[in-house]
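A.B. asks: One file: protein36.cif (mmCIF, C-alpha atoms (C1' of nucleotides)).
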```cif
data_entry
#
loop_
_atom_site.label_atom_id
_atom_site.label_comp_id
_atom_site.auth_asym_id
_atom_site.auth_seq_id
_atom_site.Cartn_x
_atom_site.Cartn_y
_atom_site.Cartn_z
CA MET A 21 -58.62 -58.05 211.07
CA PRO A 22 -59.05 -61.68 212.07
CA TYR A 23 -57.34 -64.46 210.18
CA SER A 24 -60.37 -65.12 208.03
CA ASN A 25 -60.23 -61.66 206.47
CA PHE A 26 -57.11 -62.61 204.57
CA ALA A 27 -59.34 -64.98 202.67
CA SER A 28 -61.02 -61.96 201.08
CA MET A 29 -58.07 -59.62 200.70
CA PRO A 30 -57.41 -58.32 197.20
CA CYS A 31 -54.09 -60.13 197.01
CA THR A 32 -53.46 -63.18 194.90
CA LEU A 33 -50.93 -64.44 197.40
CA SER A 34 -52.72 -63.83 200.69
CA ARG A 35 -55.95 -65.51 199.65
CA PRO A 36 -54.32 -68.83 198.74
CA ALA A 37 -52.02 -68.53 201.75
CA ALA A 38 -54.98 -68.09 204.08
CA LEU A 39 -56.83 -70.99 202.50
CA LEU A 40 -53.96 -73.48 202.56
CA GLY A 41 -52.54 -72.06 205.77
CA GLU A 42 -55.43 -73.41 207.78
CA ARG A 43 -54.38 -76.31 209.96
CA TRP A 44 -54.63 -79.73 208.26
CA THR A 45 -55.37 -78.36 204.79
CA LEU A 46 -51.89 -78.86 203.31
CA LEU A 47 -51.62 -82.30 204.85
CA LEU A 48 -55.04 -83.14 203.47
CA LEU A 49 -53.96 -82.07 199.99
CA ARG A 50 -50.82 -84.15 200.29
CA GLN A 51 -52.95 -87.17 201.05
CA ILE A 52 -55.21 -86.42 198.10
CA PHE A 53 -52.27 -86.13 195.72
CA LEU A 54 -51.09 -89.47 197.05
CA GLY A 55 -54.40 -90.97 195.97
CA THR A 56 -56.68 -90.94 199.01
CA ARG A 57 -60.27 -90.14 198.10
CA ARG A 58 -62.63 -91.31 200.78
CA PHE A 59 -63.63 -89.90 204.12
CA GLU A 60 -62.76 -93.03 206.05
CA ASP A 61 -59.36 -93.26 204.41
CA PHE A 62 -58.47 -89.68 205.25
CA GLN A 63 -59.56 -90.31 208.79
CA ALA A 64 -57.54 -93.49 209.07
CA THR A 65 -54.32 -92.33 207.41
CA MET A 66 -54.17 -88.88 208.97
CA ASP A 67 -55.85 -89.47 212.31
CA ILE A 68 -57.63 -86.15 212.06
CA SER A 69 -60.80 -85.65 214.06
CA ARG A 70 -63.92 -86.35 212.02
CA SER A 71 -65.49 -82.97 212.61
CA VAL A 72 -62.41 -81.07 211.44
CA LEU A 73 -62.06 -83.37 208.45
CA THR A 74 -65.68 -82.64 207.50
CA ASP A 75 -65.02 -78.94 207.83
CA ARG A 76 -61.83 -78.93 205.73
CA LEU A 77 -63.37 -81.04 202.99
CA ASN A 78 -66.33 -78.68 202.86
CA VAL A 79 -64.12 -75.63 202.58
CA LEU A 80 -62.21 -77.22 199.70
CA LEU A 81 -65.48 -78.23 198.02
CA GLN A 82 -66.77 -74.70 198.39
CA GLU A 83 -63.56 -73.29 196.93
CA ASN A 84 -63.94 -75.72 194.07
CA VAL A 85 -60.60 -77.38 194.77
CA LEU A 86 -62.35 -80.70 195.31
CA LYS A 87 -65.52 -82.21 193.90
CA ARG A 88 -67.70 -85.07 195.11
CA VAL A 89 -67.89 -87.84 192.57
CA PRO A 90 -70.34 -90.74 192.88
CA TYR A 91 -69.04 -94.27 192.62
CA HIS A 92 -70.53 -97.72 193.04
CA GLU A 93 -69.47 -100.37 195.49
CA ASP A 94 -71.49 -103.37 196.66
CA GLY A 95 -74.28 -102.06 194.48
CA ARG A 96 -74.49 -98.86 196.52
CA THR A 97 -73.87 -95.33 195.41
CA ARG A 98 -71.36 -93.42 197.49
CA HIS A 99 -69.22 -90.38 196.95
CA GLU A 100 -65.53 -89.74 196.86
CA TYR A 101 -63.51 -86.55 196.94
CA ARG A 102 -61.49 -85.80 193.83
CA LEU A 103 -59.42 -82.89 192.65
CA THR A 104 -60.95 -80.48 190.19
CA GLU A 105 -58.75 -78.85 187.56
CA LYS A 106 -58.27 -75.98 190.02
CA GLY A 107 -57.22 -78.51 192.62
CA ARG A 108 -54.83 -80.31 190.30
CA ASP A 109 -53.24 -76.96 189.60
CA LEU A 110 -52.06 -76.90 193.21
CA TYR A 111 -49.49 -79.50 192.26
CA PRO A 112 -46.66 -76.96 191.99
CA VAL A 113 -47.37 -75.79 195.53
CA LEU A 114 -47.00 -79.28 196.92
CA MET A 115 -43.95 -79.96 194.76
CA ALA A 116 -42.35 -76.72 195.91
CA LEU A 117 -42.85 -77.85 199.50
CA ARG A 118 -41.33 -81.21 198.71
CA THR A 119 -38.40 -79.77 196.79
CA TRP A 120 -37.70 -77.61 199.82
CA GLY A 121 -38.15 -80.52 202.20
CA GLU A 122 -35.71 -82.65 200.20
CA LYS A 123 -33.07 -79.97 200.36
CA TRP A 124 -33.49 -78.77 203.93
CA MET A 125 -35.30 -81.34 206.03
CA ALA A 126 -34.06 -84.70 204.82
CA PRO A 127 -31.03 -85.86 206.77
CA GLU A 128 -30.25 -88.47 204.11
CA GLU A 129 -33.42 -90.31 204.98
CA GLU A 130 -35.48 -92.95 203.33
CA GLU A 131 -38.23 -91.29 201.32
CA THR A 132 -41.84 -92.17 202.00
CA PHE A 133 -42.55 -92.19 198.29
CA HIS A 134 -40.78 -91.62 194.99
CA LEU A 135 -41.86 -89.39 192.18
CA HIS A 136 -40.72 -89.64 188.63
CA HIS A 137 -41.63 -88.43 185.19
CA ARG A 138 -43.67 -91.12 183.44
CA ASP A 139 -42.07 -90.45 180.08
CA CYS A 140 -38.38 -90.42 180.93
CA GLY A 141 -38.12 -91.57 184.53
CA GLY A 142 -36.45 -88.36 185.65
CA GLY A 143 -36.91 -86.66 189.02
CA VAL A 144 -39.31 -83.87 189.82
CA ARG A 145 -38.59 -80.42 191.16
CA ALA A 146 -40.33 -77.07 191.49
CA LYS A 147 -38.75 -73.87 190.30
CA VAL A 148 -39.54 -70.25 189.62
CA GLU A 149 -38.90 -68.83 186.19
CA CYS A 150 -39.20 -65.64 184.21
CA THR A 151 -42.11 -65.62 181.78
CA GLU A 152 -40.01 -63.63 179.27
CA CYS A 153 -36.48 -64.95 179.29
CA ALA A 154 -37.17 -68.29 181.02
CA ALA A 155 -34.29 -67.78 183.45
CA GLU A 156 -34.63 -69.55 186.77
CA LEU A 157 -35.29 -66.97 189.48
CA THR A 158 -34.59 -66.68 193.19
CA ALA A 159 -36.06 -64.13 195.57
CA ARG A 160 -33.11 -61.87 194.83
CA ASP A 161 -33.71 -61.76 191.10
CA VAL A 162 -37.21 -60.46 191.58
CA GLN A 163 -38.21 -56.84 192.10
CA VAL A 164 -41.30 -56.35 194.26
CA THR A 165 -43.37 -53.26 193.58
CA ALA A 166 -45.64 -53.18 196.60
CA LYS A 167 -48.76 -51.11 196.81
CA GLN A 168 -49.30 -51.63 200.50
CA MET B 9 -51.34 -89.06 215.91
CA PRO B 10 -51.89 -85.40 216.68
CA TYR B 11 -51.10 -82.71 214.14
CA SER B 12 -47.68 -82.08 215.60
CA ASN B 13 -46.50 -85.60 214.79
CA PHE B 14 -46.47 -84.79 211.11
CA ALA B 15 -43.65 -82.43 211.94
CA SER B 16 -41.48 -85.47 212.68
CA MET B 17 -42.73 -87.90 210.05
CA PRO B 18 -40.10 -89.34 207.73
CA CYS B 19 -41.61 -87.62 204.71
CA THR B 20 -40.07 -84.65 202.96
CA LEU B 21 -43.50 -83.36 202.06
CA SER B 22 -45.40 -83.80 205.30
CA ARG B 23 -42.81 -82.11 207.47
CA PRO B 24 -42.79 -78.85 205.48
CA ALA B 25 -46.57 -79.09 205.08
CA ALA B 26 -47.04 -79.38 208.83
CA LEU B 27 -44.66 -76.50 209.50
CA LEU B 28 -46.14 -74.07 206.97
CA GLY B 29 -49.65 -75.38 207.46
CA GLU B 30 -49.84 -73.91 210.94
CA ARG B 31 -52.18 -70.95 211.06
CA TRP B 32 -50.54 -67.58 210.26
CA THR B 33 -47.23 -69.07 209.15
CA LEU B 34 -47.74 -68.71 205.39
CA LEU B 35 -49.12 -65.21 205.82
CA LEU B 36 -46.16 -64.35 207.99
CA LEU B 37 -43.76 -65.58 205.31
CA ARG B 38 -45.61 -63.55 202.69
CA GLN B 39 -45.10 -60.45 204.80
CA ILE B 40 -41.43 -61.28 205.24
CA PHE B 41 -40.90 -61.72 201.49
CA LEU B 42 -42.58 -58.34 201.05
CA GLY B 43 -39.92 -56.83 203.27
CA THR B 44 -41.33 -56.69 206.80
CA ARG B 45 -38.72 -57.44 209.44
CA ARG B 46 -39.78 -56.10 212.80
CA PHE B 47 -42.13 -57.37 215.43
CA GLU B 48 -44.18 -54.19 215.56
CA ASP B 49 -44.52 -54.10 211.79
CA PHE B 50 -45.76 -57.67 211.60
CA GLN B 51 -48.21 -56.90 214.34
CA ALA B 52 -49.46 -53.75 212.63
CA THR B 53 -49.71 -55.04 209.06
CA MET B 54 -51.19 -58.44 209.89
CA ASP B 55 -53.15 -57.67 213.02
CA ILE B 56 -52.07 -60.97 214.54
CA SER B 57 -52.16 -61.32 218.29
CA ARG B 58 -48.78 -60.62 219.87
CA SER B 59 -48.55 -63.94 221.66
CA VAL B 60 -49.18 -65.96 218.50
CA LEU B 61 -46.75 -63.77 216.57
CA THR B 62 -44.10 -64.47 219.21
CA ASP B 63 -44.80 -68.17 218.95
CA ARG B 64 -44.67 -68.34 215.14
CA LEU B 65 -41.49 -66.29 214.95
CA ASN B 66 -39.89 -68.58 217.52
CA VAL B 67 -40.86 -71.70 215.58
CA LEU B 68 -39.35 -70.25 212.41
CA LEU B 69 -36.20 -69.25 214.29
CA GLN B 70 -35.93 -72.73 215.72
CA GLU B 71 -36.37 -74.26 212.27
CA ASN B 72 -33.67 -71.93 211.02
CA VAL B 73 -35.96 -70.33 208.47
CA LEU B 74 -35.44 -66.95 210.13
CA LYS B 75 -32.57 -65.42 212.04
CA ARG B 76 -32.44 -62.48 214.45
CA VAL B 77 -30.13 -59.78 213.22
CA PRO B 78 -29.11 -56.82 215.40
CA TYR B 79 -29.46 -53.30 214.05
CA HIS B 80 -29.03 -49.83 215.46
CA GLU B 81 -31.65 -47.15 215.67
CA ASP B 82 -31.65 -44.06 217.88
CA GLY B 83 -28.40 -45.34 219.31
CA ARG B 84 -30.09 -48.49 220.61
CA THR B 85 -29.48 -52.05 219.61
CA ARG B 86 -32.54 -53.98 218.54
CA HIS B 87 -33.18 -57.08 216.52
CA GLU B 88 -34.99 -57.78 213.31
CA TYR B 89 -36.13 -61.02 211.73
CA ARG B 90 -34.55 -61.91 208.42
CA LEU B 91 -34.66 -64.90 206.15
CA THR B 92 -31.81 -67.39 206.27
CA GLU B 93 -30.74 -69.17 203.10
CA LYS B 94 -33.15 -71.95 204.07
CA GLY B 95 -35.85 -69.34 204.43
CA ARG B 96 -35.08 -67.69 201.11
CA ASP B 97 -35.38 -71.10 199.51
CA LEU B 98 -39.07 -71.06 200.38
CA TYR B 99 -39.53 -68.55 197.59
CA PRO B 100 -40.82 -71.16 195.12
CA VAL B 101 -43.51 -72.18 197.61
CA LEU B 102 -44.82 -68.64 197.88
CA MET B 103 -44.53 -68.12 194.14
CA ALA B 104 -46.42 -71.33 193.48
CA LEU B 105 -49.20 -70.07 195.73
CA ARG B 106 -49.25 -66.77 193.90
CA THR B 107 -49.17 -68.34 190.45
CA TRP B 108 -52.16 -70.40 191.49
CA GLY B 109 -53.89 -67.38 193.00
CA GLU B 110 -53.41 -65.39 189.81
CA LYS B 111 -54.96 -68.11 187.75
CA TRP B 112 -57.82 -69.16 190.00
CA MET B 113 -58.63 -66.49 192.52
CA ALA B 114 -58.18 -63.21 190.71
CA PRO B 115 -61.39 -62.05 189.08
CA GLU B 116 -59.47 -59.57 186.94
CA GLU B 117 -58.57 -57.61 190.01
CA GLU B 118 -56.02 -54.99 190.84
CA GLU B 119 -52.91 -56.67 192.21
CA THR B 120 -51.58 -55.70 195.61
CA PHE B 121 -48.03 -55.81 194.28
CA HIS B 122 -46.15 -56.53 191.10
CA LEU B 123 -43.23 -58.86 190.64
CA HIS B 124 -40.78 -58.76 187.80
CA HIS B 125 -37.41 -60.09 186.85
CA ARG B 126 -34.79 -57.42 187.57
CA ASP B 127 -32.77 -58.25 184.48
CA CYS B 128 -35.42 -58.35 181.79
CA GLY B 129 -38.60 -57.06 183.38
CA GLY B 130 -40.50 -60.26 182.66
CA GLY B 131 -43.16 -61.80 184.87
CA VAL B 132 -42.65 -64.51 187.44
CA ARG B 133 -44.24 -67.92 187.66
CA ALA B 134 -43.71 -71.21 189.45
CA LYS B 135 -43.58 -74.49 187.61
CA VAL B 136 -42.64 -78.12 188.07
CA GLU B 137 -40.10 -79.67 185.79
CA CYS B 138 -38.34 -82.94 185.15
CA THR B 139 -34.75 -82.99 186.37
CA GLU B 140 -33.73 -85.12 183.36
CA CYS B 141 -35.54 -83.89 180.28
CA ALA B 142 -36.59 -80.47 181.65
CA ALA B 143 -40.18 -80.94 180.48
CA GLU B 144 -42.79 -79.03 182.43
CA LEU B 145 -44.83 -81.49 184.49
CA THR B 146 -48.35 -81.65 185.83
CA ALA B 147 -49.67 -84.08 188.41
CA ARG B 148 -50.64 -86.44 185.60
CA ASP B 149 -47.15 -86.66 184.18
CA VAL B 150 -45.75 -87.88 187.47
CA GLN B 151 -45.74 -91.44 188.74
CA VAL B 152 -46.00 -91.80 192.50
CA THR B 153 -44.41 -94.87 194.03
CA ALA B 154 -45.82 -94.77 197.53
CA LYS B 155 -44.43 -96.77 200.40
CA GLN B 156 -47.33 -96.09 202.75
"C1'" DT C 23 -88.92 -109.18 209.18
"C1'" DC C 24 -85.01 -108.07 212.28
"C1'" DC C 25 -80.40 -107.33 213.03
"C1'" DC C 26 -75.66 -106.32 211.55
"C1'" DT C 27 -72.37 -103.85 208.81
"C1'" DT C 28 -70.40 -99.82 206.18
"C1'" DG C 29 -69.49 -95.25 204.84
"C1'" DC C 30 -70.13 -90.80 206.16
"C1'" DG C 31 -71.05 -87.76 208.76
"C1'" DT C 32 -73.06 -84.91 213.47
"C1'" DT C 33 -73.08 -83.93 218.35
"C1'" DC C 34 -71.11 -82.88 222.64
"C1'" DG C 35 -68.19 -82.13 226.65
"C1'" DA C 36 -63.22 -81.63 227.55
"C1'" DT C 37 -58.86 -79.77 226.11
"C1'" DT C 38 -55.89 -76.57 223.26
"C1'" DT C 39 -55.24 -72.44 220.65
"C1'" DT C 40 -56.08 -67.98 219.75
"C1'" DC C 41 -57.68 -63.42 220.97
"C1'" DG C 42 -57.25 -58.82 222.82
"C1'" DA C 43 -56.18 -55.90 226.28
"C1'" DA C 44 -53.20 -54.81 229.91
"C1'" DC C 45 -48.73 -55.19 231.85
"C1'" DT C 46 -43.47 -55.32 231.88
"C1'" DC C 47 -38.96 -53.78 231.02
"C1'" DA C 48 -34.93 -51.42 229.30
"C1'" DG C 49 -33.08 -47.64 227.08
"C1'" DT C 50 -34.20 -42.67 225.15
"C1'" DT C 51 -35.86 -38.40 224.60
"C1'" DA C 52 -38.28 -34.07 226.62
"C1'" DT D 10 -38.55 -36.90 236.30
"C1'" DA D 11 -41.97 -38.29 233.12
"C1'" DA D 12 -43.29 -39.95 228.79
"C1'" DC D 13 -42.20 -42.85 224.88
"C1'" DT D 14 -40.81 -47.03 222.07
"C1'" DG D 15 -39.87 -51.66 220.60
"C1'" DA D 16 -40.41 -56.10 221.93
"C1'" DG D 17 -42.27 -59.00 224.18
"C1'" DT D 18 -45.29 -61.61 228.50
"C1'" DT D 19 -49.46 -62.47 231.09
"C1'" DC D 20 -54.12 -63.68 231.62
"C1'" DG D 21 -59.19 -64.30 231.27
"C1'" DA D 22 -62.51 -64.94 227.48
"C1'" DA D 23 -63.62 -66.87 223.03
"C1'" DA D 24 -62.85 -70.04 219.32
"C1'" DA D 25 -60.93 -74.28 217.36
"C1'" DT D 26 -59.83 -79.00 217.96
"C1'" DC D 27 -60.18 -83.48 220.13
"C1'" DG D 28 -62.08 -88.08 220.91
"C1'" DA D 29 -65.80 -90.76 221.77
"C1'" DA D 30 -70.47 -91.67 221.10
"C1'" DC D 31 -74.47 -91.19 218.32
"C1'" DG D 32 -77.34 -91.00 213.78
"C1'" DC D 33 -78.64 -92.61 209.43
"C1'" DA D 34 -79.40 -94.71 205.07
"C1'" DA D 35 -78.58 -98.74 202.16
"C1'" DG D 36 -77.51 -103.69 201.76
"C1'" DG D 37 -76.90 -108.39 203.29
"C1'" DG D 38 -77.89 -112.40 205.93
"C1'" DA D 39 -81.03 -115.18 208.93
#
```
Would you mind giving the structure from this file in structure tokens?
C.D. replies:
Amino acid sequence: MPYSNFASMPCTLSRPAALLGERWTLLLLRQIFLGTRRFEDFQATMDISRSVLTDRLNVLLQENVLKRVPYHEDGRTRHEYRLTEKGRDLYPVLMALRTWGEKWMAPEEEETFHLHHRDCGGGVRAKVECTECAAELTARDVQVTAKQ
Amino acid sequence: MPYSNFASMPCTLSRPAALLGERWTLLLLRQIFLGTRRFEDFQATMDISRSVLTDRLNVLLQENVLKRVPYHEDGRTRHEYRLTEKGRDLYPVLMALRTWGEKWMAPEEEETFHLHHRDCGGGVRAKVECTECAAELTARDVQVTAKQ
DNA sequence: TCCCTTGCGTTCGATTTTCGAACTCAGTTA
DNA sequence: TAACTGAGTTCGAAAATCGAACGCAAGGGA
């Protein structure tokens, strides 16, 4: 089973993990959530090779995580890459990565950017909770019933 | 800037994204959260090449996400790979991926495994919340103050 | 009209990664 | 003594990535 087969496994964790676990894809999504939308800007800010950038954008378009939206500049029509609703729903994944990074990889450093709740100015963090009792859960509070 | 430089960027999102965005790493973590601990078992269940498996395990050991723990079997001492506290703290990342997968990639399919809260039997989901007012947040509720 | 610029890719040869199969090695069982 | 097992290591072939150059369509300026 090559790596790509995980993309079609009947598992709601392995399929996303295979998709976002491809090199550059998470970093590309980070850049998108930070507001980058155009090919040239991705290329400039991430210094990714153009052919790989083309490939990754196409995969995300195909998966319907991104969409191409026309815009006008200098009287010309061009396209930019924007998140779909499905793409915006990846926010918790990125926030979970950041919450983890803040706790475990930040030796009291200067942050590259700040995030705060528009309404109250509070901080942002990802967590896992129970859909019934709303308790916050860790790996140890969760029972896995595996079928493979 | 090659891919590897993101691993040392002063950004608490890009460093984790670069680490977990390496091919196989997210799938490896999934397998670990499902209970796999031994080299041979990773190799068998994931069908990853042995050299890449060695490399990925070593990176995670070096990052202190995993630790090698000795155990006895047939009177011999061997080692298995287990999550550290830092590693266990990646749970929300995996759960965020799964929550997304359930919503967007599961055409009413059979799940590979079930997760439920040990105490109350409820389901499990990842979310993002405000550290002040505890409201659940989406990308649109959050203000980004970028410095680059 | 001709040339230059811009945004967005495509192409291509060189370099890195990954693959898969074979090999190693130490301790164990037959 | 020979075979087996878990955990890697080695190595040639295949795939992915890199960087630099090329293509192309639309506008603008001369």
A.B. asks: Do you know which residues the PyMOL selection byres ((chain A and resi 96) around 12) returns on this file, as a CSV table (one decimal) with C-alpha atoms (C1' of nucleotides), in the coordinates of the input?
C.D. replies:
```csv
chain,number,residue,atom,x,y,z
A,90,PRO,CA,-70.3,-90.7,192.9
A,91,TYR,CA,-69.0,-94.3,192.6
A,92,HIS,CA,-70.5,-97.7,193.0
A,93,GLU,CA,-69.5,-100.4,195.5
A,94,ASP,CA,-71.5,-103.4,196.7
A,95,GLY,CA,-74.3,-102.1,194.5
A,97,THR,CA,-73.9,-95.3,195.4
A,98,ARG,CA,-71.4,-93.4,197.5
A,99,HIS,CA,-69.2,-90.4,197.0
C,28,DT,C1',-70.4,-99.8,206.2
C,29,DG,C1',-69.5,-95.2,204.8
D,34,DA,C1',-79.4,-94.7,205.1
D,35,DA,C1',-78.6,-98.7,202.2
D,36,DG,C1',-77.5,-103.7,201.8
D,37,DG,C1',-76.9,-108.4,203.3
```
A.B. asks: What is the distance, in Å and to one decimal place, between CA of Asn13 in chain B and CA of Arg108 in chain A?
C.D. replies: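 Computing it gives 26.4 Å between the two atoms.
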A.B. asks: For DA30 in chain D, list every protein, DNA or RNA residue within 12 Å, evaluated using only C-alpha atoms (C1' of nucleotides), and leave out those in the same chain fewer than 5 positions away; present the list as a VMD selection string.
C.D. replies: chain C and resid 32 to 35
A.B. asks: For the file shown, report as a PyMOL selection string the outcome of the PyMOL selection byres ((chain A) within 8 of (chain C)) at residue level.
C.D. replies: chain A and resi 59-60+70-71+74+98
A.B. asks: Restricting the calculation to all atoms listed in the file, which member of A:Thr132, A:Asn78, A:Ser69, A:Thr158 is positioned closest to chain D?
C.D. replies: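 With all atoms listed in the file as the atom set, the closest residue is A:Ser69.
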A.B. asks: Would you please work out which residue, of B:Leu65, B:Leu37, B:Ala25, B:Met17, is nearest to chain D when using all atoms listed in the file?
C.D. replies: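 Of all the options, B:Leu65 lies closest to chain D.
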A.B. asks: Could you state which residues are captured by the PyMOL selection byres ((chain A and resi 30) around 9) in this file, as an MDAnalysis selection string?
C.D. replies: (chainID A and resid 26:29 31:35) or (chainID B and resid 114 117:120)
A.B. asks: As an MDAnalysis selection string, please: the residues near Arg31 in chain B (cut-off 12 Å, only C-alpha atoms (C1' of nucleotides), same-chain neighbours under 3 positions excluded).
C.D. replies: (chainID A and resid 22:24 26 37:46) or (chainID B and resid 25:28 34:37 56 60:61 63:64) or (chainID C and resid 39:40) or (chainID D and resid 25)
A.B. asks: Which residues of chain D sit at most 8 Å from chain B, using all atoms listed in the file? Give each one's shortest atom pair and distance in Å (one decimal place), in chain and ascending residue order, as CSV.
C.D. replies:
```
residue,atom,partner,partner_atom,distance
D:DG15,C1',B:Glu48,CA,7.1
D:DA16,C1',B:Phe47,CA,6.8
D:DG17,C1',B:Thr62,CA,7.6
D:DT18,C1',B:Ser59,CA,7.9
```
A.B. asks: Could you write out the selected residues, including C-alpha atoms (C1' of nucleotides), as an mmCIF file, in the coordinates of the input?
C.D. replies:
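Writing the result to selection.cif gives the following:
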```
data_model
loop_
_atom_site.group_PDB
_atom_site.id
_atom_site.type_symbol
_atom_site.label_atom_id
_atom_site.label_comp_id
_atom_site.auth_asym_id
_atom_site.auth_seq_id
_atom_site.Cartn_x
_atom_site.Cartn_y
_atom_site.Cartn_z
ATOM 1 C "C1'" DG D 15 -39.870 -51.660 220.600
ATOM 2 C "C1'" DA D 16 -40.410 -56.100 221.930
ATOM 3 C "C1'" DG D 17 -42.270 -59.000 224.180
ATOM 4 C "C1'" DT D 18 -45.290 -61.610 228.500
#
```
A.B. asks: Quick one: pull the distance between CA of Val136 in chain B and CA of Leu103 in chain A, Å, one decimal.
C.D. replies: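 Value for the CA of Val136 in chain B-CA of Leu103 in chain A distance: 18.0 Å.
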A.B. asks: What does the distance between CA of Trp120 in chain A and CA of Tyr99 in chain B come to in Å, to one decimal place?
C.D. replies: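 So the two atoms, CA of Trp120 in chain A and CA of Tyr99 in chain B, lie 9.5 Å apart.
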A.B. asks: As AutoDock Vina command-line options, what would the box around range 87-96 of chain B look like: edges along x, y and z, 6 Å added on every side, centre and edge lengths in Å to one decimal?
C.D. replies:
```
--center_x -33.4 --center_y -64.5 --center_z 208.8 --size_x 17.4 --size_y 26.9 --size_z 27.4
```
A.B. asks: What's the 6 Å shell around range 133-147 of chain A, counting only C-alpha atoms (C1' of nucleotides), without same-chain residues fewer than 3 positions away, as a list in words?
C.D. replies: Met115, Ala116 and Thr119 of chain A; Pro100, Ala134, Lys135, Val136, Glu137, Cys138, Thr139, Glu140, Asp149, Val150, Gln151, Val152, Thr153, Ala154 and Lys155 of chain B
A.B. asks: Can I get the selected residues back with C-alpha atoms, as an mmCIF file, in the frame of the given file?
C.D. replies:
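Once written, selection11.cif looks like this:
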```cif
data_model
loop_
_atom_site.group_PDB
_atom_site.id
_atom_site.type_symbol
_atom_site.label_atom_id
_atom_site.label_comp_id
_atom_site.auth_asym_id
_atom_site.auth_seq_id
_atom_site.Cartn_x
_atom_site.Cartn_y
_atom_site.Cartn_z
ATOM 1 C CA MET A 115 -43.950 -79.960 194.760
ATOM 2 C CA ALA A 116 -42.350 -76.720 195.910
ATOM 3 C CA THR A 119 -38.400 -79.770 196.790
ATOM 4 C CA PRO B 100 -40.820 -71.160 195.120
ATOM 5 C CA ALA B 134 -43.710 -71.210 189.450
ATOM 6 C CA LYS B 135 -43.580 -74.490 187.610
ATOM 7 C CA VAL B 136 -42.640 -78.120 188.070
ATOM 8 C CA GLU B 137 -40.100 -79.670 185.790
ATOM 9 C CA CYS B 138 -38.340 -82.940 185.150
ATOM 10 C CA THR B 139 -34.750 -82.990 186.370
ATOM 11 C CA GLU B 140 -33.730 -85.120 183.360
ATOM 12 C CA ASP B 149 -47.150 -86.660 184.180
ATOM 13 C CA VAL B 150 -45.750 -87.880 187.470
ATOM 14 C CA GLN B 151 -45.740 -91.440 188.740
ATOM 15 C CA VAL B 152 -46.000 -91.800 192.500
ATOM 16 C CA THR B 153 -44.410 -94.870 194.030
ATOM 17 C CA ALA B 154 -45.820 -94.770 197.530
ATOM 18 C CA LYS B 155 -44.430 -96.770 200.400
#
```
A.B. asks: Choose the residue, out of A:Arg118, A:Arg88, A:Lys123, A:Arg160, that has the smallest atom-to-atom separation from chain B; count only C-alpha atoms.
C.D. replies: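 With only C-alpha atoms as the atom set, the closest residue is A:Arg118.
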A.B. asks: Considering all atoms listed in the file, can you say which of B:Leu74, B:Cys141, B:Leu69, B:Ala52 comes closest to chain A?
C.D. replies: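 Nearest candidate to chain A out of B:Leu74, B:Cys141, B:Leu69, B:Ala52: B:Cys141.
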